[in-house]
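Undergrad: Here you go, input27.cif (mmCIF, C-alpha atoms):
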```
data_query
#
loop_
_atom_site.label_atom_id
_atom_site.label_comp_id
_atom_site.auth_asym_id
_atom_site.auth_seq_id
_atom_site.Cartn_x
_atom_site.Cartn_y
_atom_site.Cartn_z
CA MET A 247 53.98 48.18 -80.14
CA LEU A 248 57.06 47.36 -78.03
CA ARG A 249 56.23 50.25 -75.66
CA ARG A 250 52.66 48.95 -75.21
CA PHE A 251 54.01 45.47 -74.42
CA ALA A 252 56.45 46.95 -71.85
CA ILE A 253 53.59 48.85 -70.17
CA LEU A 254 51.41 45.71 -70.02
CA LEU A 255 54.34 43.76 -68.59
CA ALA A 256 54.90 46.42 -65.91
CA VAL A 257 51.20 46.39 -64.95
CA ALA A 258 51.19 42.60 -64.73
CA ALA A 259 54.34 42.62 -62.60
CA THR A 260 52.79 45.20 -60.25
CA LEU A 261 49.61 43.15 -59.82
CA TRP A 262 51.66 39.99 -59.26
CA ALA A 263 53.84 41.74 -56.68
CA ARG A 264 50.77 43.01 -54.79
CA ASP A 265 49.20 39.55 -54.76
CA THR A 266 52.45 37.81 -53.82
CA GLY A 267 53.16 40.39 -51.12
CA ALA A 268 49.75 39.83 -49.53
CA GLN A 269 50.21 36.09 -49.63
CA SER A 270 53.72 36.22 -48.15
CA ARG A 271 52.46 38.46 -45.32
CA THR A 272 49.71 35.95 -44.55
CA ASN A 273 52.04 32.96 -44.67
CA ARG A 274 54.13 34.53 -41.89
CA ASP A 275 51.05 34.97 -39.68
CA ALA A 276 51.33 32.71 -36.65
CA GLY A 277 48.62 30.12 -36.34
CA PHE A 278 47.33 30.01 -39.93
CA THR A 279 46.64 26.53 -41.22
CA PRO A 280 45.11 25.81 -44.63
CA HIS A 281 41.59 24.47 -44.15
CA TYR A 282 38.33 23.75 -45.96
CA GLN A 283 35.22 25.91 -45.96
CA SER A 284 32.29 26.29 -48.36
CA LEU A 285 30.60 29.06 -50.32
CA LYS A 286 27.58 30.67 -48.62
CA SER A 287 25.79 31.81 -51.76
CA GLU A 288 25.09 30.93 -55.39
CA SER A 289 27.43 33.63 -56.72
CA VAL A 290 30.83 34.57 -55.26
CA HIS A 291 33.33 36.92 -56.92
CA LEU A 292 36.84 35.50 -57.14
CA ARG A 293 39.34 38.37 -57.31
CA VAL A 294 42.99 38.47 -58.39
CA GLY A 295 44.00 40.12 -55.11
CA PRO A 296 42.70 40.74 -51.57
CA GLY A 297 40.40 43.74 -51.91
CA THR A 298 37.62 45.26 -53.99
CA GLN A 299 40.20 47.33 -55.90
CA HIS A 300 41.36 44.10 -57.55
CA PRO A 301 39.49 42.93 -60.65
CA ILE A 302 37.09 40.00 -60.58
CA ASP A 303 38.78 37.09 -62.31
CA TRP A 304 35.99 34.53 -62.03
CA VAL A 305 32.52 34.11 -60.56
CA LEU A 306 31.95 30.87 -58.67
CA GLN A 307 28.27 29.96 -59.09
CA ARG A 308 27.58 27.04 -56.80
CA ARG A 309 26.26 27.32 -53.25
CA HIS A 310 28.03 25.02 -50.75
CA LEU A 311 30.97 24.48 -53.13
CA PRO A 312 33.86 23.26 -50.98
CA VAL A 313 36.99 25.42 -51.15
CA ARG A 314 40.36 25.24 -49.44
CA VAL A 315 41.53 28.44 -47.75
CA ILE A 316 45.26 28.70 -48.46
CA ALA A 317 46.00 32.24 -47.21
CA GLU A 318 44.47 35.11 -45.26
CA ALA A 319 44.90 38.87 -45.55
CA GLU A 320 42.75 40.81 -43.08
CA THR A 321 39.14 40.08 -44.14
CA TRP A 322 40.14 38.35 -47.38
CA ARG A 323 40.78 34.66 -48.00
CA ARG A 324 42.77 33.13 -50.84
CA ILE A 325 41.02 29.95 -51.89
CA VAL A 326 41.37 27.08 -54.32
CA ASP A 327 38.50 24.92 -55.57
CA SER A 328 38.50 21.28 -56.68
CA THR A 329 39.43 22.26 -60.25
CA GLY A 330 42.51 24.22 -59.12
CA THR A 331 40.98 27.68 -59.67
CA ILE A 332 42.64 30.14 -57.25
CA GLY A 333 41.59 33.60 -56.14
CA TRP A 334 40.60 35.89 -53.30
CA VAL A 335 37.14 36.18 -51.71
CA HIS A 336 35.80 38.17 -48.79
CA GLN A 337 35.49 36.14 -45.58
CA GLN A 338 31.74 36.88 -45.40
CA THR A 339 31.17 34.79 -48.54
CA LEU A 340 32.48 31.65 -46.78
CA SER A 341 30.90 29.28 -44.30
CA ALA A 342 32.62 26.97 -41.80
CA ARG A 343 30.08 24.23 -42.69
CA ARG A 344 31.89 21.38 -44.37
CA TYR A 345 30.86 20.08 -47.78
CA ALA A 346 32.60 17.79 -50.25
CA ILE A 347 32.28 17.26 -54.00
CA VAL A 348 32.24 13.83 -55.63
CA THR A 349 35.21 13.32 -57.96
CA GLY A 350 36.08 10.95 -60.77
CA GLU A 351 33.29 8.53 -61.67
CA PRO A 352 29.92 7.69 -60.06
CA ARG A 353 30.49 6.71 -56.42
CA THR A 354 28.51 4.51 -54.05
CA LEU A 355 27.13 6.01 -50.87
CA ARG A 356 27.12 3.17 -48.32
CA ARG A 357 25.14 2.42 -45.17
CA ALA A 358 28.32 1.88 -43.09
CA PRO A 359 32.00 2.86 -43.46
CA GLN A 360 32.95 -0.40 -45.19
CA ALA A 361 33.55 -1.28 -48.83
CA ASP A 362 31.11 -4.20 -48.63
CA ALA A 363 28.33 -2.31 -46.80
CA PRO A 364 24.95 -2.07 -48.59
CA ALA A 365 24.54 0.80 -51.07
CA VAL A 366 22.29 3.71 -50.16
CA ALA A 367 22.66 5.71 -53.39
CA LYS A 368 24.88 6.34 -56.41
CA LEU A 369 26.50 9.79 -56.47
CA GLU A 370 27.45 11.31 -59.80
CA PRO A 371 30.69 13.31 -60.22
CA GLY A 372 30.11 16.93 -59.24
CA VAL A 373 27.46 16.16 -56.61
CA ILE A 374 27.99 18.21 -53.46
CA GLY A 375 27.20 16.67 -50.08
CA ARG A 376 27.27 17.98 -46.52
CA LEU A 377 30.06 16.38 -44.47
CA PHE A 378 29.28 15.29 -40.92
CA GLU A 379 32.38 13.33 -39.98
CA CYS A 380 35.44 11.64 -41.40
CA ARG A 381 37.39 8.77 -39.84
CA ASP A 382 39.45 5.79 -40.90
CA GLY A 383 39.37 6.68 -44.60
CA TRP A 384 35.57 7.18 -44.75
CA CYS A 385 33.35 10.25 -44.60
CA ARG A 386 29.68 10.44 -43.58
CA LEU A 387 27.72 12.82 -45.75
CA GLU A 388 24.28 13.78 -46.93
CA ALA A 389 23.54 14.39 -50.60
CA GLY A 390 20.20 14.59 -52.38
CA GLY A 391 18.34 13.56 -49.24
CA PHE A 392 20.43 10.42 -48.77
CA ARG A 393 22.82 9.88 -45.86
CA GLY A 394 25.67 7.43 -45.81
CA TRP A 395 29.40 6.85 -46.06
CA VAL A 396 31.78 7.36 -48.97
CA ALA A 397 35.49 6.62 -49.22
CA ARG A 398 37.57 9.72 -48.54
CA THR A 399 39.51 9.14 -51.78
CA GLU A 400 36.29 9.54 -53.82
CA ILE A 401 35.56 13.13 -52.72
CA TRP A 402 37.31 16.50 -52.57
CA GLY A 403 36.92 18.70 -49.49
CA VAL A 404 38.82 16.85 -46.76
CA ASP A 405 42.53 16.22 -46.24
CA PRO A 406 43.87 12.64 -46.59
CA GLY A 407 44.60 12.09 -42.89
CA GLU A 408 41.96 14.42 -41.47
CA ASN A 409 39.50 13.07 -38.92
CA PHE A 410 36.65 15.13 -37.47
CA LYS A 411 33.21 14.77 -35.98
#
```
Could I get this file's structure written as C-alpha cells?
TA:
Amino acid sequence: MLRRFAILLAVAATLWARDTGAQSRTNRDAGFTPHYQSLKSESVHLRVGPGTQHPIDWVLQRRHLPVRVIAEAETWRRIVDSTGTIGWVHQQTLSARRYAIVTGEPRTLRRAPQADAPAVAKLEPGVIGRLFECRDGWCRLEAGGFRGWVARTEIWGVDPGENFK
C-alpha cells in the first residue's frame, strides 16, 4: 500500500514538473501578455499539460465562452475560465473575437454607457455576449439579439482598466 502511494506521488510530481516547466518557459518568453480570447466550438478539451500526450482533465462545452490566456507553449495555450478552471488547449480551438459572460445577478443592458440610461434588456447570469468595445467602465455588447452597454464590473472577459474598440 505504501509502495503504491509512493508511485502515485512520483507520477503526480512528474506531471506537475512537466506542466510547471512548460509554464515557466512560456513566462520567460519576451512579449507575452495575458489576454482574453473565446472558444471556437461547442466542445474543447482542457488538458493538464501542453500536448496531446497529456490527459484531458475537463471538456468545456460552450461556444464563445470567454477565457483568459495565461501562458503559451508552442501551439498550446494555458487558459482560465470565469469559474477559475485552468488547463491547456490547442491554439486552433481559440478565437480572437471577444466575448464576455454576465456574472453575479441579472444585469441591465442599457442604451448608453450611463447608469441612468434606458434599459434595453435584462441579462441573466451566465449569458454570453459579443464584446464590441469597452471604455470608461462600460462595455458595448450584443446578447440574444439585443445591443447595448453594461458596466464592466458586471461581466467577466475584460480587464478592469482595459479599453478597446
Undergrad: A:His281, A:Arg353, A:Arg393, A:Arg344: which is nearest A:Gly372, counting all atoms listed in the file?
TA: A:Arg353
Undergrad: Quick one: which residues end up in the PyMOL selection byres ((chain A and resi 396-409) around 6) for this structure, as JSON, numbers by chain?
TA: {"A": [312, 346, 347, 348, 349, 355, 380, 381, 383, 384, 385, 395, 410]}
Undergrad: Specify as a ChimeraX atom specification each residue included when the PyMOL selection byres ((chain A and resi 389) around 8) is applied to this file.
TA: /A:373-376,387-388,390-393
Undergrad: Take the PyMOL selection byres ((chain A and resi 367) around 8), run it mentally on this structure, and tell me the resulting residues as a count of residues only.
TA: 8
Undergrad: Quick one: what's the axis-aligned box for stretch 298-301 of chain A, all listed atoms, 3 Å on every side, centre and edges in Å to one decimal, as lines of an AutoDock Vina configuration file?
TA:
```
center_x = 39.5
center_y = 45.1
center_z = -57.3
size_x = 9.7
size_y = 10.4
size_z = 12.7
```
Undergrad: Work out how far apart atom CA of A:Ala361 and atom CA of A:Ser328 are and give it in Å to one decimal.
TA: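 Going from atom CA of A:Ala361 over to atom CA of A:Ser328, I get 24.4 Å.
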Undergrad: Around (27.4, 26.9, -41.2) in the file's frame, which residues reach within 10 Å when counting only C-alpha atoms? Return as a list in words?
TA: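 All residues meeting the 10 Å criterion around (27.4, 26.9, -41.2) are Gln283, Ser284, Leu285, Lys286, His310, Leu340, Ser341, Ala342, Arg343 and Arg344 of chain A.
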Undergrad: Between atom CA of A:Leu377 and atom CA of A:Trp304, what distance in Å does the model show, to one decimal?
TA: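 Here the two named atoms are 25.9 Å from each other.
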Undergrad: Given only C-alpha atoms as the basis, pick out the residue of A:Trp334, A:Glu379, A:Glu288, A:Tyr345 nearest to A:Ile302.
TA: A:Trp334
Undergrad: A:His300, A:Arg323, A:His336, A:Arg357: which is nearest A:Tyr282, counting all atoms listed in the file?
TA: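 Nearest candidate to A:Tyr282 out of A:His300, A:Arg323, A:His336, A:Arg357: A:Arg323.
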Undergrad: In Å to one decimal, how far is atom CA of A:Gln338 from atom CA of A:Arg314?
TA: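 Interatomic distance, atom CA of A:Arg314 to atom CA of A:Gln338: 15.0 Å.
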Undergrad: Using all atoms listed in the file, what residues lie at most 9 Å away from (39.8, 28.1, -55.5) (file coordinates), given as number ranges by chain?
TA: A: 292, 306, 312-316, 324-334
Undergrad: Under the rule that only C-alpha atoms are counted, which of A:Ala363, A:Ala358, A:Val335, A:Ala317 is the nearest residue to A:Pro280?
TA: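 Under the stated criterion, the closest residue is A:Ala317.
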Undergrad: For stretch 363-390 of chain A, supply N, CA and C atoms and report the output as a PDB file, in the coordinates of the input.
TA:
```
ATOM      1  N   ALA A 363      29.614  -2.703 -47.407  1.00  0.00           N
ATOM      2  CA  ALA A 363      28.330  -2.310 -46.800  1.00  0.00           C
ATOM      3  C   ALA A 363      27.292  -2.075 -47.903  1.00  0.00           C
ATOM      4  N   PRO A 364      26.006  -2.277 -47.591  1.00  0.00           N
ATOM      5  CA  PRO A 364      24.950  -2.070 -48.590  1.00  0.00           C
ATOM      6  C   PRO A 364      24.950  -0.638 -49.146  1.00  0.00           C
ATOM      7  N   ALA A 365      24.611  -0.506 -50.424  1.00  0.00           N
ATOM      8  CA  ALA A 365      24.540   0.800 -51.070  1.00  0.00           C
ATOM      9  C   ALA A 365      23.274   1.540 -50.653  1.00  0.00           C
ATOM     10  N   VAL A 366      23.421   2.829 -50.466  1.00  0.00           N
ATOM     11  CA  VAL A 366      22.290   3.710 -50.160  1.00  0.00           C
ATOM     12  C   VAL A 366      21.889   4.478 -51.414  1.00  0.00           C
ATOM     13  N   ALA A 367      22.913   4.928 -52.173  1.00  0.00           N
ATOM     14  CA  ALA A 367      22.660   5.710 -53.390  1.00  0.00           C
ATOM     15  C   ALA A 367      23.925   5.738 -54.235  1.00  0.00           C
ATOM     16  N   LYS A 368      23.760   6.081 -55.508  1.00  0.00           N
ATOM     17  CA  LYS A 368      24.880   6.340 -56.410  1.00  0.00           C
ATOM     18  C   LYS A 368      25.019   7.852 -56.520  1.00  0.00           C
ATOM     19  N   LEU A 369      26.235   8.356 -56.379  1.00  0.00           N
ATOM     20  CA  LEU A 369      26.500   9.790 -56.470  1.00  0.00           C
ATOM     21  C   LEU A 369      27.305  10.075 -57.731  1.00  0.00           C
ATOM     22  N   GLU A 370      26.775  10.937 -58.561  1.00  0.00           N
ATOM     23  CA  GLU A 370      27.450  11.310 -59.800  1.00  0.00           C
ATOM     24  C   GLU A 370      28.590  12.292 -59.524  1.00  0.00           C
ATOM     25  N   PRO A 371      29.617  12.325 -60.374  1.00  0.00           N
ATOM     26  CA  PRO A 371      30.690  13.310 -60.220  1.00  0.00           C
ATOM     27  C   PRO A 371      30.100  14.721 -60.228  1.00  0.00           C
ATOM     28  N   GLY A 372      30.595  15.557 -59.336  1.00  0.00           N
ATOM     29  CA  GLY A 372      30.110  16.930 -59.240  1.00  0.00           C
ATOM     30  C   GLY A 372      29.022  17.133 -58.196  1.00  0.00           C
ATOM     31  N   VAL A 373      28.467  16.044 -57.666  1.00  0.00           N
ATOM     32  CA  VAL A 373      27.460  16.160 -56.610  1.00  0.00           C
ATOM     33  C   VAL A 373      28.144  16.696 -55.355  1.00  0.00           C
ATOM     34  N   ILE A 374      27.481  17.648 -54.699  1.00  0.00           N
ATOM     35  CA  ILE A 374      27.990  18.210 -53.460  1.00  0.00           C
ATOM     36  C   ILE A 374      27.177  17.654 -52.305  1.00  0.00           C
ATOM     37  N   GLY A 375      27.864  17.210 -51.265  1.00  0.00           N
ATOM     38  CA  GLY A 375      27.200  16.670 -50.080  1.00  0.00           C
ATOM     39  C   GLY A 375      27.738  17.308 -48.820  1.00  0.00           C
ATOM     40  N   ARG A 376      26.885  17.425 -47.830  1.00  0.00           N
ATOM     41  CA  ARG A 376      27.270  17.980 -46.520  1.00  0.00           C
ATOM     42  C   ARG A 376      28.038  16.924 -45.732  1.00  0.00           C
ATOM     43  N   LEU A 377      29.228  17.283 -45.269  1.00  0.00           N
ATOM     44  CA  LEU A 377      30.060  16.380 -44.470  1.00  0.00           C
ATOM     45  C   LEU A 377      29.676  16.471 -43.000  1.00  0.00           C
ATOM     46  N   PHE A 378      29.571  15.320 -42.349  1.00  0.00           N
ATOM     47  CA  PHE A 378      29.280  15.290 -40.920  1.00  0.00           C
ATOM     48  C   PHE A 378      30.453  14.778 -40.105  1.00  0.00           C
ATOM     49  N   GLU A 379      31.183  13.829 -40.648  1.00  0.00           N
ATOM     50  CA  GLU A 379      32.380  13.330 -39.980  1.00  0.00           C
ATOM     51  C   GLU A 379      33.235  12.555 -40.960  1.00  0.00           C
ATOM     52  N   CYS A 380      34.514  12.453 -40.630  1.00  0.00           N
ATOM     53  CA  CYS A 380      35.440  11.640 -41.400  1.00  0.00           C
ATOM     54  C   CYS A 380      36.338  10.894 -40.420  1.00  0.00           C
ATOM     55  N   ARG A 381      36.515   9.596 -40.680  1.00  0.00           N
ATOM     56  CA  ARG A 381      37.390   8.770 -39.840  1.00  0.00           C
ATOM     57  C   ARG A 381      37.771   7.510 -40.598  1.00  0.00           C
ATOM     58  N   ASP A 382      38.971   7.059 -40.346  1.00  0.00           N
ATOM     59  CA  ASP A 382      39.450   5.790 -40.900  1.00  0.00           C
ATOM     60  C   ASP A 382      39.252   5.652 -42.410  1.00  0.00           C
ATOM     61  N   GLY A 383      39.460   6.746 -43.146  1.00  0.00           N
ATOM     62  CA  GLY A 383      39.370   6.680 -44.600  1.00  0.00           C
ATOM     63  C   GLY A 383      37.965   6.796 -45.165  1.00  0.00           C
ATOM     64  N   TRP A 384      36.962   7.053 -44.309  1.00  0.00           N
ATOM     65  CA  TRP A 384      35.570   7.180 -44.750  1.00  0.00           C
ATOM     66  C   TRP A 384      34.975   8.482 -44.238  1.00  0.00           C
ATOM     67  N   CYS A 385      34.032   9.029 -45.006  1.00  0.00           N
ATOM     68  CA  CYS A 385      33.350  10.250 -44.600  1.00  0.00           C
ATOM     69  C   CYS A 385      31.837  10.042 -44.668  1.00  0.00           C
ATOM     70  N   ARG A 386      31.149  10.512 -43.628  1.00  0.00           N
ATOM     71  CA  ARG A 386      29.680  10.440 -43.580  1.00  0.00           C
ATOM     72  C   ARG A 386      29.149  11.741 -44.139  1.00  0.00           C
ATOM     73  N   LEU A 387      28.280  11.619 -45.139  1.00  0.00           N
ATOM     74  CA  LEU A 387      27.720  12.820 -45.750  1.00  0.00           C
ATOM     75  C   LEU A 387      26.268  12.627 -46.139  1.00  0.00           C
ATOM     76  N   GLU A 388      25.658  13.763 -46.448  1.00  0.00           N
ATOM     77  CA  GLU A 388      24.280  13.780 -46.930  1.00  0.00           C
ATOM     78  C   GLU A 388      24.267  14.471 -48.280  1.00  0.00           C
ATOM     79  N   ALA A 389      23.649  13.819 -49.261  1.00  0.00           N
ATOM     80  CA  ALA A 389      23.540  14.390 -50.600  1.00  0.00           C
ATOM     81  C   ALA A 389      22.223  13.964 -51.210  1.00  0.00           C
ATOM     82  N   GLY A 390      21.467  14.902 -51.723  1.00  0.00           N
ATOM     83  CA  GLY A 390      20.200  14.590 -52.380  1.00  0.00           C
ATOM     84  C   GLY A 390      19.195  13.895 -51.472  1.00  0.00           C
TER      85      GLY A 390
END
```
